[in-house]
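One file, my_file.cif, carrying mmCIF, C-alpha atoms and all ligand atoms:
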```cif
data_entry
#
loop_
_atom_site.label_atom_id
_atom_site.label_comp_id
_atom_site.auth_asym_id
_atom_site.auth_seq_id
_atom_site.Cartn_x
_atom_site.Cartn_y
_atom_site.Cartn_z
CA MET A 7 -28.58 65.25 -93.18
CA ALA A 8 -26.08 66.70 -95.65
CA ALA A 9 -26.15 70.45 -96.09
CA GLY A 10 -26.26 70.73 -99.88
CA THR A 11 -28.19 67.88 -101.46
CA GLY A 12 -30.67 66.99 -98.71
CA VAL A 13 -30.19 63.24 -99.11
CA MET A 14 -27.95 60.76 -97.34
CA ARG A 15 -27.24 57.13 -98.30
CA ASP A 16 -24.84 54.61 -96.89
CA LEU A 17 -22.63 53.29 -99.69
CA THR A 18 -21.59 50.03 -98.07
CA ASP A 19 -21.73 46.96 -100.29
CA SER A 20 -22.92 43.49 -99.32
CA PHE A 21 -19.33 42.50 -98.41
CA GLY A 22 -19.08 45.35 -95.88
CA ARG A 23 -16.82 47.58 -98.01
CA ARG A 24 -17.60 51.29 -97.73
CA VAL A 25 -17.13 53.54 -100.75
CA ARG A 26 -14.80 56.47 -100.08
CA ASP A 27 -13.05 57.06 -103.38
CA LEU A 28 -14.56 58.20 -106.69
CA ARG A 29 -12.57 58.01 -109.94
CA ILE A 30 -13.97 60.33 -112.58
CA SER A 31 -12.95 59.88 -116.21
CA ILE A 32 -13.46 63.22 -117.93
CA THR A 33 -12.57 62.14 -121.48
CA ASP A 34 -11.98 58.95 -123.46
CA ARG A 35 -9.51 60.79 -125.72
CA CYS A 36 -5.75 60.84 -125.34
CA ASN A 37 -2.68 62.33 -127.01
CA PHE A 38 -0.71 59.07 -126.38
CA ARG A 39 -1.38 55.55 -127.63
CA CYS A 40 0.21 53.34 -124.95
CA VAL A 41 0.43 49.76 -126.21
CA TYR A 42 -1.11 48.32 -123.03
CA CYS A 43 -4.09 50.68 -123.19
CA MET A 44 -5.13 52.01 -126.62
CA PRO A 45 -4.76 50.77 -130.20
CA ALA A 46 -2.45 52.69 -132.58
CA GLU A 47 -5.54 53.83 -134.48
CA GLY A 48 -9.17 52.99 -135.01
CA LEU A 49 -10.59 53.48 -131.52
CA GLU A 50 -13.91 55.27 -131.72
CA PHE A 51 -14.39 58.15 -129.35
CA ALA A 52 -17.66 59.19 -127.81
CA PRO A 53 -19.31 62.19 -129.49
CA ARG A 54 -18.92 65.41 -127.47
CA SER A 55 -22.64 65.52 -126.74
CA GLU A 56 -22.36 62.18 -124.91
CA ILE A 57 -19.57 63.37 -122.63
CA LEU A 58 -20.64 64.83 -119.29
CA SER A 59 -20.24 68.60 -119.06
CA TYR A 60 -18.23 70.03 -116.16
CA GLU A 61 -21.50 71.15 -114.56
CA GLU A 62 -22.87 67.59 -114.79
CA ILE A 63 -19.67 66.14 -113.35
CA GLU A 64 -19.81 68.65 -110.52
CA ARG A 65 -23.43 67.75 -109.73
CA ILE A 66 -22.64 64.03 -109.46
CA ALA A 67 -19.41 64.66 -107.54
CA ARG A 68 -21.26 66.92 -105.11
CA LEU A 69 -23.81 64.19 -104.45
CA PHE A 70 -21.05 61.67 -103.74
CA VAL A 71 -19.19 64.03 -101.40
CA GLU A 72 -22.05 65.70 -99.56
CA SER A 73 -24.39 62.71 -99.29
CA LEU A 74 -22.68 59.42 -100.07
CA GLY A 75 -19.52 59.40 -97.97
CA VAL A 76 -16.88 59.99 -100.68
CA GLU A 77 -13.75 61.71 -99.36
CA ALA A 78 -11.40 61.43 -102.33
CA ILE A 79 -11.84 62.20 -106.02
CA ARG A 80 -9.30 61.39 -108.71
CA LEU A 81 -9.68 62.78 -112.22
CA THR A 82 -8.55 60.49 -114.98
CA GLY A 83 -9.32 59.43 -118.53
CA GLY A 84 -8.21 58.95 -121.35
CA GLU A 85 -5.89 61.85 -120.78
CA PRO A 86 -7.64 64.38 -118.56
CA THR A 87 -5.34 67.24 -119.53
CA VAL A 88 -6.47 67.14 -123.18
CA ARG A 89 -9.89 68.39 -122.13
CA ALA A 90 -10.22 72.18 -122.39
CA ASP A 91 -10.29 74.29 -119.21
CA LEU A 92 -9.36 71.49 -116.83
CA THR A 93 -8.45 74.08 -114.22
CA LYS A 94 -12.08 75.22 -114.26
CA LEU A 95 -13.31 71.74 -113.30
CA VAL A 96 -10.59 71.40 -110.66
CA ALA A 97 -11.67 74.70 -109.11
CA MET A 98 -15.32 73.56 -109.08
CA LEU A 99 -14.47 70.26 -107.36
CA ALA A 100 -11.93 71.77 -104.95
CA ARG A 101 -14.77 73.72 -103.36
CA LEU A 102 -16.64 70.55 -102.33
CA GLN A 103 -16.70 69.65 -98.65
CA THR A 104 -17.67 66.50 -96.78
CA PRO A 105 -20.58 66.72 -94.28
CA ALA A 106 -17.91 67.19 -91.58
CA GLY A 107 -16.71 70.31 -93.41
CA GLU A 108 -13.48 68.72 -94.64
CA PRO A 109 -12.06 69.43 -98.10
CA ILE A 110 -11.75 66.43 -100.38
CA ASP A 111 -8.52 64.75 -101.42
CA LEU A 112 -8.53 65.91 -105.06
CA SER A 113 -5.98 64.30 -107.36
CA LEU A 114 -5.24 63.67 -111.02
CA THR A 115 -3.75 60.84 -113.06
CA THR A 116 -2.03 62.10 -116.20
CA ASN A 117 0.57 61.09 -118.75
CA GLY A 118 2.42 64.26 -117.75
CA SER A 119 2.93 65.59 -121.27
CA THR A 120 1.32 68.96 -120.55
CA LEU A 121 2.24 69.36 -116.88
CA SER A 122 5.07 71.82 -117.46
CA ARG A 123 2.38 74.24 -118.55
CA LEU A 124 -0.49 73.08 -116.33
CA ALA A 125 1.03 72.06 -112.99
CA GLU A 126 1.01 75.56 -111.51
CA PRO A 127 -2.49 76.59 -112.62
CA LEU A 128 -3.85 73.22 -111.48
CA ALA A 129 -2.26 73.60 -108.06
CA ALA A 130 -3.60 77.16 -107.83
CA ALA A 131 -7.09 75.86 -108.70
CA GLY A 132 -6.98 73.47 -105.74
CA LEU A 133 -5.52 70.21 -107.07
CA LYS A 134 -3.64 68.43 -104.27
CA ARG A 135 -1.65 65.63 -105.91
CA VAL A 136 -0.78 64.01 -109.23
CA ASN A 137 0.15 60.57 -110.43
CA VAL A 138 2.14 60.71 -113.64
CA SER A 139 2.42 57.66 -115.86
CA LEU A 140 5.91 56.93 -117.14
CA ASP A 141 7.00 53.47 -118.23
CA SER A 142 10.57 53.97 -119.38
CA LEU A 143 13.41 56.36 -118.75
CA ASP A 144 14.90 55.44 -122.11
CA PRO A 145 13.66 57.68 -124.98
CA GLU A 146 13.38 54.88 -127.55
CA ARG A 147 11.56 52.53 -125.25
CA PHE A 148 9.32 55.34 -124.07
CA ALA A 149 8.41 56.03 -127.69
CA ALA A 150 7.76 52.33 -128.33
CA MET A 151 5.48 51.99 -125.29
CA THR A 152 3.51 55.22 -125.73
CA ARG A 153 3.82 55.47 -129.55
CA ARG A 154 4.87 59.09 -128.93
CA ASP A 155 8.37 60.58 -128.74
CA MET A 156 7.78 62.76 -125.70
CA LEU A 157 9.98 61.58 -122.83
CA PRO A 158 11.63 65.02 -122.24
CA GLN A 159 8.20 66.69 -121.95
CA VAL A 160 7.01 64.11 -119.40
CA LEU A 161 10.19 64.37 -117.31
CA ALA A 162 9.85 68.17 -117.32
CA GLY A 163 6.20 67.79 -116.36
CA ILE A 164 7.07 65.63 -113.36
CA ASP A 165 9.56 68.23 -112.13
CA ALA A 166 6.98 70.97 -112.70
CA ALA A 167 4.41 69.05 -110.63
CA ARG A 168 6.86 68.68 -107.77
CA ASP A 169 7.85 72.34 -107.96
CA ALA A 170 4.17 73.36 -107.93
CA GLY A 171 3.70 71.46 -104.64
CA LEU A 172 1.48 68.69 -106.09
CA TYR A 173 3.00 66.43 -103.53
CA PRO A 174 3.66 63.51 -103.23
CA VAL A 175 4.24 63.14 -106.96
CA LYS A 176 3.82 59.47 -107.77
CA VAL A 177 5.07 57.96 -111.00
CA ASN A 178 2.96 55.06 -112.30
CA VAL A 179 5.02 52.43 -114.09
CA VAL A 180 3.14 49.60 -115.80
CA VAL A 181 5.66 46.76 -115.86
CA VAL A 182 5.46 44.61 -118.99
CA ARG A 183 7.69 41.56 -119.41
CA GLY A 184 10.22 42.08 -122.18
CA ALA A 185 9.41 45.78 -122.53
CA ASN A 186 10.59 47.54 -119.37
CA ASP A 187 11.02 44.86 -116.69
CA ASP A 188 14.74 45.62 -116.39
CA GLU A 189 14.14 49.25 -115.39
CA MET A 190 12.79 48.85 -111.87
CA VAL A 191 16.06 49.84 -110.20
CA ASP A 192 16.51 52.78 -112.60
CA PHE A 193 13.08 54.04 -111.57
CA ALA A 194 13.97 53.58 -107.90
CA THR A 195 17.15 55.61 -108.42
CA TYR A 196 15.23 58.28 -110.32
CA GLY A 197 12.65 58.51 -107.50
CA ARG A 198 15.25 58.62 -104.74
CA GLU A 199 17.13 61.44 -106.46
CA ARG A 200 14.02 63.57 -106.95
CA GLY A 201 11.83 62.81 -103.94
CA ILE A 202 9.27 61.10 -106.18
CA GLN A 203 7.47 57.80 -105.45
CA PRO A 204 7.46 55.19 -108.21
CA ARG A 205 4.37 52.94 -108.16
CA PHE A 206 4.83 49.76 -110.13
CA ILE A 207 1.60 48.42 -111.60
CA GLU A 208 1.07 44.86 -112.73
CA TYR A 209 -0.11 44.71 -116.34
CA MET A 210 -3.88 44.06 -116.42
CA PRO A 211 -6.01 42.59 -119.24
CA LEU A 212 -7.49 45.97 -120.20
CA ASP A 213 -5.52 46.72 -123.37
CA ALA A 214 -7.74 47.68 -126.31
CA GLU A 215 -5.94 45.32 -128.70
CA GLY A 216 -6.52 42.27 -126.51
CA ASN A 217 -2.85 41.24 -126.56
CA TRP A 218 -2.49 40.79 -122.80
CA SER A 219 -1.24 37.44 -121.60
CA MET A 220 -0.28 36.23 -118.14
CA SER A 221 3.28 35.66 -119.40
CA GLN A 222 3.68 39.45 -119.79
CA VAL A 223 2.77 40.13 -116.16
CA VAL A 224 5.69 40.84 -113.84
CA GLY A 225 4.48 40.05 -110.35
CA ALA A 226 4.82 42.26 -107.30
CA ASP A 227 7.20 39.84 -105.54
CA GLU A 228 9.65 40.00 -108.44
CA ILE A 229 9.43 43.80 -108.57
CA VAL A 230 10.05 44.21 -104.83
CA ALA A 231 12.92 41.69 -104.90
CA ALA A 232 14.67 43.54 -107.75
CA ILE A 233 14.54 46.89 -105.93
CA ASP A 234 15.34 45.40 -102.53
CA ALA A 235 18.55 43.91 -103.95
CA ALA A 236 19.75 47.40 -104.92
CA TYR A 237 18.13 49.47 -102.18
CA PRO A 238 17.00 47.42 -99.15
CA LEU A 239 13.28 47.87 -98.42
CA GLU A 240 10.88 47.32 -95.52
CA PRO A 241 7.07 47.19 -95.68
CA VAL A 242 5.10 50.26 -94.63
CA GLY A 243 1.77 48.44 -94.39
CA HIS A 244 -1.26 48.01 -96.55
CA GLY A 245 -4.29 50.23 -96.11
CA PRO A 246 -7.35 50.55 -98.33
CA GLU A 247 -5.18 52.09 -101.06
CA PRO A 248 -4.23 49.47 -103.65
CA ALA A 249 -0.48 50.04 -103.58
CA SER A 250 1.39 48.02 -101.05
CA ARG A 251 3.97 50.44 -99.76
CA TRP A 252 7.65 49.85 -99.14
CA ARG A 253 10.19 52.29 -97.72
CA TYR A 254 13.92 52.33 -98.20
CA ARG A 255 15.71 51.26 -95.04
CA ASP A 256 18.08 54.22 -95.48
CA GLY A 257 15.14 56.64 -95.28
CA ALA A 258 15.40 57.86 -98.89
CA GLY A 259 11.67 57.53 -99.61
CA GLU A 260 9.08 54.96 -100.69
CA VAL A 261 7.91 52.83 -103.56
CA GLY A 262 4.46 51.34 -104.15
CA VAL A 263 3.51 48.13 -105.91
CA ILE A 264 0.01 47.55 -107.24
CA ALA A 265 -0.46 43.80 -107.42
CA SER A 266 -3.84 43.87 -109.14
CA VAL A 267 -3.20 40.54 -110.88
CA THR A 268 -1.08 38.39 -108.56
CA ARG A 269 -2.52 39.67 -105.26
CA PRO A 270 -5.82 41.46 -105.91
CA PHE A 271 -6.86 43.92 -103.25
CA CYS A 272 -10.59 43.57 -103.99
CA GLY A 273 -11.36 42.74 -100.34
CA ASP A 274 -10.27 46.26 -99.33
CA CYS A 275 -11.68 48.09 -102.35
CA ASP A 276 -13.26 51.43 -101.43
CA ARG A 277 -13.59 52.91 -104.93
CA VAL A 278 -16.17 53.40 -107.62
CA ARG A 279 -15.98 54.95 -111.08
CA LEU A 280 -17.79 57.39 -113.32
CA THR A 281 -17.00 57.14 -117.03
CA ALA A 282 -16.72 60.17 -119.29
CA GLU A 283 -20.10 59.24 -120.77
CA GLY A 284 -21.75 59.25 -117.36
CA SER A 285 -21.90 55.53 -116.61
CA PHE A 286 -21.35 54.42 -113.04
CA ALA A 287 -19.22 51.31 -112.44
CA THR A 288 -18.37 49.64 -109.16
CA CYS A 289 -15.20 47.96 -110.46
CA LEU A 290 -12.56 48.49 -113.15
CA PHE A 291 -13.48 45.02 -114.41
CA ALA A 292 -17.25 45.40 -114.06
CA ILE A 293 -19.26 43.88 -116.90
CA ASP A 294 -22.38 45.88 -116.05
CA ASP A 295 -22.50 49.61 -115.56
CA TYR A 296 -25.31 51.97 -114.70
CA ASP A 297 -26.36 54.97 -116.73
CA LEU A 298 -26.44 58.16 -114.64
CA LYS A 299 -26.36 60.60 -117.56
CA GLY A 300 -29.82 59.62 -118.88
CA PRO A 301 -31.58 60.19 -115.55
CA LEU A 302 -29.47 63.30 -114.89
CA ARG A 303 -30.41 64.86 -118.24
CA SER A 304 -34.05 63.97 -117.87
CA GLY A 305 -34.36 65.77 -114.58
CA ALA A 306 -33.76 63.10 -111.88
CA SER A 307 -33.57 64.44 -108.34
CA ASP A 308 -30.53 63.93 -106.13
CA ALA A 309 -32.52 61.36 -104.14
CA GLU A 310 -33.30 59.39 -107.31
CA LEU A 311 -29.66 59.47 -108.43
CA ALA A 312 -28.54 58.45 -104.93
CA ASP A 313 -30.96 55.49 -105.02
CA LEU A 314 -29.52 54.35 -108.35
CA ILE A 315 -25.96 54.61 -107.06
CA ALA A 316 -26.72 52.87 -103.75
CA GLY A 317 -28.52 50.08 -105.59
CA ALA A 318 -25.49 49.53 -107.85
CA VAL A 319 -23.09 49.52 -104.90
CA GLY A 320 -25.30 46.95 -103.17
CA LEU A 321 -24.68 44.63 -106.12
CA LYS A 322 -20.88 45.13 -106.23
CA TRP A 323 -19.15 41.80 -106.66
CA ALA A 324 -16.52 40.34 -104.34
CA GLY A 325 -13.75 40.85 -106.87
CA HIS A 326 -12.37 40.31 -110.35
CA ARG A 327 -11.39 36.86 -111.60
CA ILE A 328 -8.20 37.58 -113.60
CA GLY A 329 -6.27 34.37 -114.12
CA LYS A 330 -9.34 32.20 -113.33
CA VAL A 331 -11.17 30.19 -116.00
CA ASP A 332 -14.36 32.19 -115.51
CA PHE A 333 -12.68 35.61 -116.03
CA VAL A 334 -14.58 37.74 -118.54
CA ARG A 335 -12.83 40.79 -120.04
CA PRO A 336 -14.86 43.97 -119.66
CA LYS A 337 -16.05 45.39 -122.99
CA ARG A 338 -14.28 48.70 -122.39
CA SER A 339 -10.51 49.09 -122.39
CA MET A 340 -8.58 51.11 -119.81
CA SER A 341 -8.79 54.48 -121.57
CA GLN A 342 -12.54 54.06 -121.99
CA ILE A 343 -13.24 53.13 -118.37
CA GLY A 344 -10.78 55.53 -116.75
CA GLY A 345 -7.82 53.99 -114.99
N1 LIG B 1 -3.83 59.08 -119.37
C1 LIG B 1 -3.59 59.10 -117.97
C2 LIG B 1 -2.35 58.32 -117.63
O1 LIG B 1 -1.86 57.56 -118.48
O2 LIG B 1 -1.89 58.45 -116.50
C3 LIG B 1 -4.76 58.62 -117.14
C4 LIG B 1 -5.53 57.44 -117.65
S1 LIG B 1 -4.62 55.91 -117.69
C5 LIG B 1 -5.84 54.82 -118.35
C6 LIG B 1 -4.55 55.53 -115.93
C7 LIG B 1 -3.51 54.54 -115.52
O3 LIG B 1 -3.84 53.27 -116.05
C8 LIG B 1 -2.11 54.86 -116.02
O4 LIG B 1 -1.21 54.86 -114.93
C9 LIG B 1 -1.81 53.74 -116.95
O5 LIG B 1 -0.44 53.44 -116.97
C10 LIG B 1 -2.64 52.62 -116.39
N2 LIG B 1 -2.95 51.56 -117.33
C11 LIG B 1 -3.45 51.67 -118.57
N3 LIG B 1 -3.62 50.45 -119.12
C12 LIG B 1 -3.21 49.55 -118.20
C13 LIG B 1 -3.14 48.12 -118.18
N4 LIG B 1 -3.54 47.38 -119.21
N5 LIG B 1 -2.67 47.52 -117.05
C14 LIG B 1 -2.27 48.27 -115.99
N6 LIG B 1 -2.34 49.61 -115.95
C15 LIG B 1 -2.78 50.25 -117.05
FE1 LIG B 2 -3.44 57.55 -122.87
FE2 LIG B 2 -3.09 57.05 -120.31
FE3 LIG B 2 -3.98 55.11 -121.94
FE4 LIG B 2 -1.48 55.94 -122.17
S1 LIG B 2 -2.40 54.93 -120.37
S2 LIG B 2 -2.93 55.63 -123.87
S3 LIG B 2 -1.62 58.08 -121.67
S4 LIG B 2 -5.04 56.95 -121.40
#
```
Turn this file's structure into structure tokens for me.
Ligand code: SAM
Ligand code: SF4
Amino acid sequence: MAAGTGVMRDLTDSFGRRVRDLRISITDRCNFRCVYCMPAEGLEFAPRSEILSYEEIERIARLFVESLGVEAIRLTGGEPTVRADLTKLVAMLARLQTPAGEPIDLSLTTNGSTLSRLAEPLAAAGLKRVNVSLDSLDPERFAAMTRRDMLPQVLAGIDAARDAGLYPVKVNVVVVRGANDDEMVDFATYGRERGIQPRFIEYMPLDAEGNWSMSQVVGADEIVAAIDAAYPLEPVGHGPEPASRWRYRDGAGEVGVIASVTRPFCGDCDRVRLTAEGSFATCLFAIDDYDLKGPLRSGASDAELADLIAGAVGLKWAGHRIGKVDFVRPKRSMSQIGG
């Protein structure tokens, strides 16, 4: 029995996949407006009172770690660094331990715009790693894709993260046909020079404006071939993490490719999600989610919350259906679910 919460549930779904990784969105707000994620204007944000407090997030996270087998937590959003006192939440979560007494793998996905200021305090609070999103190394293109003219701040933030020891720093690049699909080798060069891992992500149908089309997706094979032609690659293997990993044959580091569209990794999926408003989802593309905030705020016990979570995991589907005729877009876009 777990030390803290006094309950223990097995979070294995009906396809035999065990949950190990919890993604927590801590806000639906963001200081960027990336074209593949948010609309330029008009998106309604949840009222503050509907957003989980840090204490509520910590209670749910504790249950997952101490009683439900979760070993890794990633904070995301929206943009997690726009929420006040993020270091306070990081410190609260960094104290959590698995039943075996191990610390958790605590990481953050951010657009990097505030990392020059926050990287050091976040590392000091117990954050282990960061993924920084960056889709172009060209200032004009960067501004077109994010609708913000902030490339220098993001580049400085990436360096600050590396200098603060938030290692390995991974740079998430969403590849969109016609927008940045000629920059793969530039990103590889950038990563090799700085000891940073680019992770190329296939564009998914989660943009708020509903403009996604299959013709804008640049597939993993094309991405790997482009880099391999400049810097020969060899596969590292494919674990439960979604990125298939490739290393440079000359030993200068690694790149990852997340083929969510052309080669979905649903069969290995070990993750679940908590939205900023306290809904629990078993998939980025889930149509149904489960309210945890209501029960939490009306006094549910850890055992009752664990039952709700285990029941939802039991119903997790085999995988998303992108590209199939029966694919249904989830009602929330990426910034609302938490990427
Ligand atoms: N604001 C933070 C950031 O941008 O890193 C965290 C939240 S963001 C929603 C998480 C990740 O989702 C980012 O790496 C972003 O590039 C990615 N993302 C957003 N919309 C996407 C889409 N339609 N397809 C693929 N990846 C997407
Ligand atoms: Fe904001 Fe991240 Fe979405 Fe860009 S991808 S709009 S930075 S939440």
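With distances restricted to all atoms listed in the file, A:Leu302 is the closest residue to Leu58 (chain A) from A:Ala226, A:Leu81, A:Leu302, A:Ala167.
CA of Asn137 (chain A) is found 16.0 Å from CA of Cys36 (chain A).
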Could you give me, as an mmCIF file with C-alpha atoms, keeping the file's coordinate frame, the residues within 7 Å of region 142-145 of chain A, counting only C-alpha atoms and dropping anything in the same chain fewer than 2 positions from it?
```
data_model
loop_
_atom_site.group_PDB
_atom_site.id
_atom_site.type_symbol
_atom_site.label_atom_id
_atom_site.label_comp_id
_atom_site.auth_asym_id
_atom_site.auth_seq_id
_atom_site.Cartn_x
_atom_site.Cartn_y
_atom_site.Cartn_z
ATOM 1 C CA LEU A 140 5.910 56.930 -117.140
ATOM 2 C CA ARG A 147 11.560 52.530 -125.250
ATOM 3 C CA PHE A 148 9.320 55.340 -124.070
ATOM 4 C CA ALA A 149 8.410 56.030 -127.690
ATOM 5 C CA LEU A 157 9.980 61.580 -122.830
ATOM 6 C CA ASN A 186 10.590 47.540 -119.370
#
```
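Between CA of Leu172 (chain A) and CA of Glu189 (chain A) there is a distance of 25.0 Å.
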Within 9 Å of Arg135 (chain A), counting all atoms listed in the file, which residues qualify if same-chain residues fewer than 6 places away don't, as a PyMOL selection string?
chain A and resi 111-115+129+167+171-176
Shortest interatomic distance to ligand LIG 2 (chain B) - which of A:Leu128, A:Ala166, A:Val180, A:Val13, counting only C-alpha atoms and all ligand atoms:
A:Val180
Contacts to ligand LIG 2 (chain B) at 7 Å cut-off (all atoms listed in the file) as an NGL selection string:
:A and (36-40 or 43-44 or 83-85 or 116-117 or 152 or 340-341)
Residues within 7 Å of Phe206 (chain A), all atoms listed in the file, excluding chain neighbours under 3 positions, as a PyMOL selection string:
chain A and resi 178-181+262-264
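Coordinates place CA of Pro127 (chain A) at a distance of 6.7 Å from CA of Thr93 (chain A).
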